[in-house]
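Heads up: the structure comes next, in C-alpha coordinates.
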Amino acid sequence: MPATTEKISDTVNARLEAARQLVDTKVVPFAVPAGRKAAKQVRHVVEERIVPAVDTAMIASAPVRTEALRRGRLAAAALRGADTMIVKKRRRWPVAVVFLALGSAVGAAAAWLSQAGKPVQLTPYPLASDEERRSSTSPAVDLTDESTAHHPA
(Lines give C-alpha, C1' and ligand atoms only; values in the text may rest on other atoms or scores of the structure.)
Protein backbone atom coordinates (compact mmCIF):
# COMPACT_ATOMS: atom_id res chain seq x y z
CA MET A 1 0.00 0.00 0.00
CA PRO A 2 2.72 2.57 0.75
CA ALA A 3 4.12 2.22 -2.78
CA THR A 4 0.72 2.99 -4.29
CA THR A 5 0.26 6.09 -2.15
CA GLU A 6 3.66 7.42 -3.18
CA LYS A 7 2.91 6.74 -6.83
CA ILE A 8 -0.42 8.58 -6.60
CA SER A 9 1.21 11.52 -4.82
CA ASP A 10 3.95 11.76 -7.45
CA THR A 11 1.43 11.62 -10.28
CA VAL A 12 -0.80 14.28 -8.71
CA ASN A 13 2.18 16.55 -8.00
CA ALA A 14 3.46 16.18 -11.57
CA ARG A 15 0.05 17.00 -13.05
CA LEU A 16 -0.42 19.98 -10.69
CA GLU A 17 2.97 21.35 -11.71
CA ALA A 18 2.06 20.96 -15.39
CA ALA A 19 -1.25 22.73 -14.77
CA ARG A 20 0.52 25.58 -12.93
CA GLN A 21 2.92 26.06 -15.82
CA LEU A 22 0.06 26.03 -18.30
CA VAL A 23 -1.85 28.62 -16.28
CA ASP A 24 1.25 30.80 -15.87
CA THR A 25 2.07 30.76 -19.60
CA LYS A 26 -1.33 30.64 -21.29
CA VAL A 27 -3.96 32.05 -18.91
CA VAL A 28 -2.29 34.71 -16.73
CA PRO A 29 -1.10 36.97 -19.58
CA PHE A 30 -4.68 37.27 -20.83
CA ALA A 31 -6.60 37.01 -17.56
CA VAL A 32 -4.87 39.80 -15.63
CA PRO A 33 -5.55 42.60 -18.17
CA ALA A 34 -9.06 41.30 -18.76
CA GLY A 35 -9.67 41.20 -15.02
CA ARG A 36 -8.39 44.78 -14.62
CA LYS A 37 -10.62 45.96 -17.45
CA ALA A 38 -13.62 44.19 -15.95
CA ALA A 39 -12.89 45.65 -12.51
CA LYS A 40 -12.67 49.14 -14.03
CA GLN A 41 -16.01 48.68 -15.78
CA VAL A 42 -17.64 47.32 -12.64
CA ARG A 43 -16.28 50.24 -10.61
CA HIS A 44 -17.68 52.69 -13.17
CA VAL A 45 -21.12 51.04 -13.13
CA VAL A 46 -21.20 50.99 -9.34
CA GLU A 47 -20.22 54.67 -9.06
CA GLU A 48 -22.53 55.88 -11.83
CA ARG A 49 -25.65 53.78 -11.27
CA ILE A 50 -25.74 51.79 -8.07
CA VAL A 51 -24.45 54.34 -5.53
CA PRO A 52 -26.93 57.07 -6.59
CA ALA A 53 -29.78 54.54 -6.56
CA VAL A 54 -28.84 53.36 -3.07
CA ASP A 55 -28.57 56.96 -1.83
CA THR A 56 -31.99 57.79 -3.25
CA ALA A 57 -33.48 54.66 -1.69
CA MET A 58 -31.96 55.48 1.69
CA ILE A 59 -33.38 59.01 1.60
CA ALA A 60 -36.79 57.88 0.40
CA SER A 61 -37.05 55.07 2.96
CA ALA A 62 -35.89 57.07 5.98
CA PRO A 63 -39.40 57.77 7.38
CA VAL A 64 -40.45 54.16 6.87
CA ARG A 65 -37.30 52.84 8.53
CA THR A 66 -37.82 55.18 11.49
CA GLU A 67 -41.42 54.01 11.90
CA ALA A 68 -40.35 50.36 11.63
CA LEU A 69 -37.73 50.92 14.32
CA ARG A 70 -40.32 52.55 16.60
CA ARG A 71 -42.83 49.74 16.06
CA GLY A 72 -40.16 47.12 16.62
CA ARG A 73 -39.29 48.67 19.97
CA LEU A 74 -42.97 48.81 20.92
CA ALA A 75 -43.40 45.15 19.94
CA ALA A 76 -40.35 44.14 21.98
CA ALA A 77 -41.68 46.09 24.96
CA ALA A 78 -45.09 44.40 24.58
CA LEU A 79 -43.45 40.96 24.50
CA ARG A 80 -41.61 41.78 27.73
CA GLY A 81 -44.95 42.61 29.29
CA ALA A 82 -44.59 46.38 29.47
CA ASP A 83 -47.76 48.37 28.88
CA THR A 84 -46.01 51.32 27.36
CA MET A 85 -42.53 52.00 26.22
CA ILE A 86 -40.59 54.37 28.44
CA VAL A 87 -39.11 57.20 26.44
CA LYS A 88 -35.80 58.42 27.78
CA LYS A 89 -35.58 62.16 28.09
CA ARG A 90 -32.40 63.47 26.58
CA ARG A 91 -30.71 66.67 27.50
CA ARG A 92 -30.09 68.75 24.45
CA TRP A 93 -28.40 71.78 26.04
CA PRO A 94 -24.88 70.25 25.93
CA VAL A 95 -25.19 69.94 22.16
CA ALA A 96 -26.40 73.54 21.94
CA VAL A 97 -23.45 74.74 24.03
CA VAL A 98 -20.99 72.83 21.86
CA PHE A 99 -22.41 74.32 18.66
CA LEU A 100 -22.54 77.81 20.20
CA ALA A 101 -18.87 77.54 21.17
CA LEU A 102 -18.00 76.19 17.74
CA GLY A 103 -19.86 79.05 16.05
CA SER A 104 -18.12 81.59 18.26
CA ALA A 105 -14.72 80.13 17.44
CA VAL A 106 -15.46 80.15 13.72
CA GLY A 107 -16.71 83.75 13.91
CA ALA A 108 -13.66 84.90 15.85
CA ALA A 109 -11.35 83.16 13.39
CA ALA A 110 -13.16 84.73 10.43
CA ALA A 111 -12.93 88.21 12.00
CA TRP A 112 -9.25 87.72 12.75
CA LEU A 113 -8.54 86.48 9.22
CA SER A 114 -10.45 89.35 7.65
CA GLN A 115 -8.29 91.84 9.58
CA ALA A 116 -4.99 90.04 8.97
CA GLY A 117 -2.62 92.00 6.77
CA LYS A 118 -4.41 95.30 7.14
CA PRO A 119 -2.46 98.16 8.73
CA VAL A 120 -3.59 99.29 12.14
CA GLN A 121 -5.28 102.67 11.95
CA LEU A 122 -5.63 104.41 15.27
CA THR A 123 -8.04 107.33 15.42
CA PRO A 124 -6.38 110.15 17.37
CA TYR A 125 -8.30 112.02 20.02
CA PRO A 126 -9.42 115.29 18.40
CA LEU A 127 -7.34 118.20 19.69
CA ALA A 128 -9.02 121.49 20.41
CA SER A 129 -8.20 124.34 18.04
CA ASP A 130 -6.15 127.33 19.22
CA GLU A 131 -9.24 129.52 19.66
CA GLU A 132 -11.00 126.88 21.75
CA ARG A 133 -7.96 126.52 23.99
CA ARG A 134 -7.71 130.30 24.56
CA SER A 135 -11.39 130.68 25.33
CA SER A 136 -11.49 127.83 27.81
CA THR A 137 -12.00 128.60 31.49
CA SER A 138 -8.75 127.04 32.63
CA PRO A 139 -5.73 129.27 32.15
CA ALA A 140 -3.28 127.97 29.62
CA VAL A 141 0.38 127.92 30.56
CA ASP A 142 2.83 128.89 27.88
CA LEU A 143 6.01 127.01 28.52
CA THR A 144 7.99 129.01 25.99
CA ASP A 145 7.74 132.28 27.92
CA GLU A 146 9.84 132.06 31.09
CA SER A 147 8.46 135.26 32.60
CA THR A 148 5.03 133.73 33.13
CA ALA A 149 6.29 130.36 34.27
CA HIS A 150 5.87 129.82 38.00
CA HIS A 151 8.92 128.45 39.73
CA PRO A 152 8.57 127.07 43.25
CA ALA A 153 10.60 129.06 45.73
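Quick note on naming: the chains in the C-alpha coordinates go A, B, ... in the order shown, residues restart at 1 in each chain, and ligands are numbered from 1 in order of appearance.
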
Using only C-alpha atoms, what does the table of segment 24-77 of chain A residues within 12 Å of segment 9-19 of chain A look like, with each row giving the shortest atom pair and its distance in Å to one decimal, sorted by chain and ascending number, as a tab-separated table?
residue	atom	partner	partner_atom	distance
A:Asp24	CA	A:Ala19	CA	8.5
A:Thr25	CA	A:Ala19	CA	9.9
A:Lys26	CA	A:Ala19	CA	10.3
A:Val27	CA	A:Ala19	CA	10.6

Report task. Could you tell me, as a ChimeraX atom specification, which residues of chain A DSSP assigns to alpha helix (DSSP H) when given the backbone? Result -> /A:2-22,28-45,51-60,62-80,93-115,130-135
